[in-house]
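Next up, protein-v7.txt (compact mmCIF, C-alpha atoms):
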# COMPACT_ATOMS: atom_id res chain seq x y z
CA ALA A 988 -30.85 80.33 25.55
CA MET A 989 -29.80 76.75 25.21
CA GLN A 990 -26.86 75.93 22.98
CA ARG A 991 -27.20 72.94 20.76
CA GLU A 992 -24.26 70.59 20.42
CA TYR A 993 -23.09 69.78 16.91
CA THR A 994 -23.47 66.14 15.91
CA PRO A 995 -22.51 64.85 12.49
CA ILE A 996 -25.25 63.48 10.25
CA GLN A 997 -25.79 59.80 10.87
CA GLU A 998 -25.83 57.45 7.90
CA HIS A 999 -29.26 55.93 7.34
CA SER A 1000 -29.86 52.78 5.35
CA THR A 1001 -32.23 54.68 3.04
CA ASN A 1002 -29.41 57.03 1.96
CA VAL A 1003 -26.90 54.35 1.06
CA PHE A 1004 -26.61 52.84 -2.39
CA PRO A 1005 -26.34 49.04 -2.73
CA SER A 1006 -22.60 49.52 -3.32
CA GLY A 1007 -22.33 51.04 0.18
CA ARG A 1008 -21.63 54.56 -1.10
CA GLN A 1009 -23.61 57.39 0.51
CA SER A 1010 -26.02 59.35 -1.62
CA LEU A 1011 -24.99 62.76 -2.93
CA VAL A 1012 -27.76 64.34 -0.84
CA THR A 1013 -26.34 62.96 2.40
CA ASP A 1014 -22.77 63.85 1.36
CA GLY A 1015 -23.85 67.41 0.50
CA LEU A 1016 -25.77 67.88 3.74
CA HIS A 1017 -22.86 66.64 5.81
CA ALA A 1018 -20.43 68.91 3.92
CA ARG A 1019 -22.64 71.96 4.46
CA ARG A 1020 -23.16 71.23 8.14
CA SER A 1021 -19.49 70.51 8.87
CA ASP A 1022 -18.38 73.59 6.90
CA ALA A 1023 -20.78 75.75 8.89
CA TRP A 1024 -18.91 74.75 12.03
CA ASP A 1025 -15.42 74.48 10.54
CA GLU A 1026 -15.26 78.19 9.67
CA CYS A 1027 -15.65 78.98 13.40
CA PHE A 1028 -12.31 77.41 14.28
CA PHE A 1029 -8.88 78.97 13.89
CA LYS A 1030 -6.36 76.66 12.19
CA VAL A 1031 -2.90 77.50 13.54
CA ASP A 1032 -1.07 75.40 10.95
CA GLU A 1033 -2.83 77.16 8.07
CA PHE A 1034 -2.19 80.57 9.65
CA CYS A 1035 1.56 79.91 10.00
CA ARG A 1036 1.88 78.47 6.48
CA SER A 1037 -0.06 81.36 4.94
CA TRP A 1038 1.83 83.98 6.95
CA VAL A 1039 5.22 82.71 5.75
CA LEU A 1040 4.04 82.44 2.14
CA GLU A 1041 2.52 85.93 2.14
CA PHE A 1042 5.47 87.54 3.95
CA LEU A 1043 8.25 86.28 1.70
CA PRO A 1044 8.87 87.74 -1.77
CA ALA A 1045 7.12 85.76 -4.50
CA VAL A 1046 10.45 84.66 -6.00
CA VAL A 1047 10.87 82.60 -2.80
CA ALA A 1048 7.23 82.03 -1.76
CA GLY A 1049 6.08 80.76 -5.17
CA PRO A 1050 8.50 77.82 -5.41
CA LEU A 1051 8.08 77.13 -1.69
CA SER A 1052 4.30 76.96 -2.13
CA VAL A 1053 4.68 74.62 -5.12
CA VAL A 1054 6.81 72.27 -3.00
CA VAL A 1055 4.58 72.42 0.11
CA GLU A 1056 1.06 72.66 -1.38
CA GLY A 1057 1.35 71.98 -5.11
CA ARG A 1058 1.30 74.08 -8.25
CA VAL A 1059 -2.47 74.64 -8.33
CA ALA A 1060 -2.49 76.00 -4.76
CA ALA A 1061 0.45 78.30 -5.57
CA GLU A 1062 -1.40 79.63 -8.63
CA ASN A 1063 -4.62 80.10 -6.64
CA ARG A 1064 -2.76 81.97 -3.89
CA GLN A 1065 -1.33 84.16 -6.69
CA LEU A 1066 2.23 83.51 -5.55
CA LEU A 1067 3.63 82.56 -8.94
CA LEU A 1068 4.90 85.49 -10.94
CA THR A 1069 2.90 84.95 -14.11
CA ARG A 1070 1.98 88.54 -15.00
CA VAL A 1071 4.08 91.68 -15.32
CA ASP A 1072 1.96 93.67 -12.87
CA ARG A 1073 2.51 91.03 -10.18
CA VAL A 1074 6.26 91.13 -10.76
CA VAL A 1075 6.33 94.92 -10.41
CA THR A 1076 4.12 94.86 -7.30
CA ASP A 1077 6.25 92.15 -5.69
CA VAL A 1078 9.51 93.95 -6.43
CA ILE A 1079 8.24 97.28 -5.08
CA PHE A 1080 6.47 96.09 -1.96
CA LYS A 1081 8.17 92.91 -0.81
CA LEU A 1082 11.61 92.77 -2.35
CA GLY A 1083 12.10 96.48 -1.66
CA ALA A 1084 11.87 95.85 2.07
CA PHE A 1085 14.58 93.19 1.93
CA VAL A 1086 16.81 95.38 -0.24
CA SER A 1087 16.43 98.29 2.18
CA LEU A 1088 17.37 96.00 5.09
CA PHE A 1089 20.41 94.77 3.16
CA LEU A 1090 21.48 98.34 2.41
CA PHE A 1091 20.98 99.35 6.05
CA LEU A 1092 23.15 96.48 7.25
CA THR A 1093 25.93 96.91 4.68
CA CYS A 1094 26.13 100.68 4.18
CA ASP A 1095 26.94 103.22 6.84
CA MET A 1096 24.19 105.84 6.54
CA PRO A 1097 23.98 108.08 9.61
CA THR A 1098 20.56 109.50 8.68
CA VAL A 1099 18.86 106.09 8.51
CA GLY A 1100 17.96 104.48 11.83
CA PRO A 1101 16.96 100.91 12.64
CA GLU A 1102 13.28 101.89 12.79
CA ASP A 1103 13.50 103.03 9.15
CA ALA A 1104 14.75 99.60 8.13
CA ALA A 1105 12.19 97.77 10.31
CA PHE A 1106 9.10 99.74 9.26
CA PRO A 1107 8.60 98.03 5.85
CA PHE A 1108 8.70 94.67 7.64
CA VAL A 1109 6.00 95.81 10.06
CA LEU A 1110 3.81 96.63 7.06
CA LEU A 1111 4.62 93.33 5.36
CA SER A 1112 3.88 91.46 8.58
CA PHE A 1113 0.53 93.23 8.95
CA ARG A 1114 -0.44 92.37 5.37
CA ALA A 1115 0.69 88.75 5.78
CA SER A 1116 -1.22 88.47 9.07
CA CYS A 1117 -4.44 89.77 7.52
CA LEU A 1118 -4.30 87.31 4.63
CA ALA A 1119 -3.19 84.43 6.86
CA MET A 1120 -6.11 85.10 9.21
CA LYS A 1121 -8.55 84.76 6.31
CA TYR A 1122 -7.00 81.47 5.23
CA ALA A 1123 -6.91 80.21 8.85
CA TYR A 1124 -10.69 80.55 9.16
CA LEU A 1125 -11.49 78.92 5.80
CA PRO A 1126 -13.24 75.56 6.13
CA ARG A 1127 -11.02 72.59 5.28
CA ALA A 1128 -13.28 71.87 2.29
CA GLN A 1129 -12.49 75.33 0.84
CA LEU A 1130 -8.77 74.78 1.41
CA ARG A 1131 -9.01 71.49 -0.51
CA VAL A 1132 -10.79 73.29 -3.36
CA MET A 1133 -8.08 75.95 -3.40
CA ALA A 1134 -5.37 73.29 -3.57
CA SER A 1135 -7.00 71.13 -6.22
CA THR A 1136 -8.80 73.17 -8.87
CA PRO A 1137 -7.84 76.20 -10.97
CA SER A 1138 -11.44 77.47 -10.83
CA TRP A 1139 -10.64 79.12 -7.45
CA LEU A 1140 -8.64 81.81 -9.27
CA GLN A 1141 -10.17 81.69 -12.74
CA GLY A 1142 -13.76 81.92 -11.52
CA GLY A 1143 -13.08 84.74 -9.08
CA TYR A 1144 -13.95 82.49 -6.14
CA TRP A 1145 -10.96 83.79 -4.18
CA ALA A 1146 -12.53 87.27 -4.14
CA ARG A 1147 -15.76 85.86 -2.73
CA ILE A 1148 -14.11 83.74 -0.05
CA LEU A 1149 -11.38 86.16 1.08
CA GLY A 1150 -13.73 89.12 1.48
CA THR A 1151 -13.20 91.37 -1.53
CA GLY A 1152 -16.46 90.21 -3.07
CA LEU A 1153 -18.32 90.53 0.22
CA HIS A 1154 -17.13 94.02 1.08
CA TYR A 1155 -16.86 95.60 -2.37
CA ASN A 1156 -19.07 93.29 -4.50
CA VAL A 1157 -16.37 93.00 -7.17
CA THR A 1158 -17.81 89.67 -8.34
CA GLY A 1159 -21.44 90.78 -8.40
CA THR A 1160 -22.47 87.96 -6.03
CA LEU A 1161 -23.05 89.98 -2.87
CA ALA A 1162 -26.66 88.81 -2.37
CA PHE A 1163 -25.69 85.15 -2.77
CA ASP A 1164 -22.68 85.52 -0.46
CA LEU A 1165 -24.80 87.15 2.26
CA LEU A 1166 -27.43 84.43 1.92
CA GLN A 1167 -24.74 81.75 2.17
CA ALA A 1168 -23.32 83.33 5.33
CA LEU A 1169 -26.82 83.67 6.79
CA CYS A 1170 -27.56 79.98 6.13
CA ALA A 1171 -24.28 78.90 7.72
CA ALA A 1172 -25.01 81.02 10.80
CA ALA A 1173 -28.53 79.59 11.01
CA GLU A 1174 -27.14 76.05 10.85
CA ARG A 1175 -24.66 76.82 13.62
CA ALA A 1176 -27.38 78.36 15.79
CA GLY A 1177 -29.68 75.38 15.26
CA VAL A 1178 -32.40 77.57 13.74
CA VAL A 1179 -32.74 75.36 10.65
CA GLU A 1180 -32.49 71.63 10.25
CA VAL A 1181 -30.76 70.10 7.27

Translate this file's structure into structure tokens.
Amino acid sequence: AMQREYTPIQEHSTNVFPSGRQSLVTDGLHARRSDAWDECFFKVDEFCRSWVLEFLPAVVAGPLSVVVEGRVAAENRQLLLTRVDRVVTDVIFKLGAFVSLFLFLTCDMPTVGPEDAAFPFVLLSFRASCLAMKYAYLPRAQLRVMASTPSWLQGGYWARILGTGLHYNVTGTLAFDLLQALCAAAERAGVVEV
């Protein structure tokens, strides 16, 4: 089977307005085609940023995300402690690991070994790695949407993009999500022309 090389859509004079701006059709086609290929590439910078933000407790990660990515991105990543259930979850799962490490280092407890203090961090690292991997494979266009509009969180789009909607159909859009993934795969394989 022959592999087809990806080439960006060329601008044609028929798709350009007199002002020189491309038509929305050409812009949309180029965005769909480039996104179909962009999700195939691992973005190391996004993986590292997401891993750090997901590993740290939200009391640290939230303000750090606001400084690095902006307030909208921090809200969409659900790193800002805006609800009571998020505060409780963060204290139990993330802050608890750091408190147990602090207690291990400062108190002399003969029954607690170093592996007991390290184990919560292994779990936190695994969780952070899973979420960072999902963000690392997001197309750049989706990362821009996440950083610029509150509809990512409010509309449940995060569940569709990060897999919850695809695996458990929590958003009720499973058929659309599968069709979207099928179209992207067909564009990558060169089965359809856009």

*Considering all atoms listed in the file, state which residue in the set A:Met1120, A:Ala1168, A:Leu1043, A:Phe1113 is at the smallest distance from Gly1083 of chain A.*
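Closest to Gly1083 of chain A of all the choices is A:Leu1043.
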
Extract, using only C-alpha atoms, all DNA, RNA and protein residues at most 9 Å from Phe1034 of chain A, discarding same-chain residues fewer than 5 positions from it, and format them as a PDB file with C-alpha atoms, keeping the file's coordinate frame.
ATOM      1  CA  PHE A1029      -8.880  78.970  13.890  1.00  0.00           C
ATOM      2  CA  VAL A1039       5.220  82.710   5.750  1.00  0.00           C
ATOM      3  CA  SER A1116      -1.220  88.470   9.070  1.00  0.00           C
ATOM      4  CA  LEU A1118      -4.300  87.310   4.630  1.00  0.00           C
ATOM      5  CA  ALA A1119      -3.190  84.430   6.860  1.00  0.00           C
ATOM      6  CA  MET A1120      -6.110  85.100   9.210  1.00  0.00           C
ATOM      7  CA  LYS A1121      -8.550  84.760   6.310  1.00  0.00           C
ATOM      8  CA  TYR A1122      -7.000  81.470   5.230  1.00  0.00           C
ATOM      9  CA  ALA A1123      -6.910  80.210   8.850  1.00  0.00           C
ATOM     10  CA  TYR A1124     -10.690  80.550   9.160  1.00  0.00           C
TER      11      TYR A1124
END

_Would you compute the distance between atom CA of Glu1033 of chain A and atom CA of Val1132 of chain A? Give it in Å to one decimal._
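Pair atom CA of Glu1033 of chain A / atom CA of Val1132 of chain A returns 14.5 Å.
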
Using only the atoms of segment 1088-1097 of chain A listed in the file, plus 3 Å on each side, state the axis-aligned box centre and edge lengths in Å rounded to one decimal, as AutoDock Vina command-line options.
--center_x 22.2 --center_y 101.4 --center_z 6.0 --size_x 15.6 --size_y 19.3 --size_z 13.2

*Suppose you want the space between atom CA of Val1109 of chain A and atom CA of Lys1081 of chain A; what is it in Å?*
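About the pair atom CA of Val1109 of chain A and atom CA of Lys1081 of chain A: they are 11.5 Å apart.
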
*Return the single residue from A:Arg1114, A:Cys1094, A:Ala1084, A:Pro1126 that is closest to Leu1040 of chain A, with distances computed using all atoms listed in the file.*
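With all atoms listed in the file as the atom set, the closest residue is A:Arg1114.
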
*So which one's closest to Trp1145 of chain A, A:Glu1102, A:Asp1077, A:Glu1062, A:Asp1032? Using only C-alpha atoms, please.*
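For Trp1145 of chain A, the nearest of the given residues is A:Glu1062.
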
What lies within 10 Å of Pro1050 of chain A using all atoms listed in the file, ignoring chain neighbours under 4 positions off, as a tab-separated table (two decimals) with C-alpha atoms, keeping the file's coordinate frame?
chain	number	residue	atom	x	y	z
A	1040	LEU	CA	4.04	82.44	2.14
A	1045	ALA	CA	7.12	85.76	-4.50
A	1046	VAL	CA	10.45	84.66	-6.00
A	1054	VAL	CA	6.81	72.27	-3.00
A	1055	VAL	CA	4.58	72.42	0.11
A	1056	GLU	CA	1.06	72.66	-1.38
A	1057	GLY	CA	1.35	71.98	-5.11
A	1058	ARG	CA	1.30	74.08	-8.25
A	1061	ALA	CA	0.45	78.30	-5.57
A	1066	LEU	CA	2.23	83.51	-5.55
A	1067	LEU	CA	3.63	82.56	-8.94

*So what do you get for atom CA of Ser1112 of chain A versus atom CA of Glu1041 of chain A, distance-wise?*
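We find that atom CA of Ser1112 of chain A and atom CA of Glu1041 of chain A lie 8.6 Å from each other.
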
*asked:* Could you check the closest approach to Ala1134 of chain A for each of A:Val1099, A:Val1059, A:Leu1068, A:Val1053 and tell me which residue wins, using all atoms listed in the file?
replied: A:Val1059

*Select, from A:Thr1098, A:Asn1063, A:Arg1127, A:Phe1080, the residue with the minimum atom-to-atom distance to Leu1110 of chain A, counting all atoms listed in the file.*
A:Phe1080

_Need to verify the contact set: Gly1100 of chain A, 12 Å, all atoms listed in the file, exclusion of same-chain residues closer than 4 positions in sequence. Can you return it as a list in words?_
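Listed by chain and then number, they are Ser1087, Leu1088, Leu1090, Phe1091, Leu1092, Cys1094, Asp1095, Met1096, Ala1104, Ala1105 and Phe1106 of chain A.
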
*Identify which of the residues A:Ala1146, A:Leu1140, A:Val1086, A:Leu1111 lies closest to Asp1164 of chain A, counting only C-alpha atoms when measuring atom-to-atom distances.*
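That would be A:Ala1146, the residue with the smallest distance to Asp1164 of chain A.
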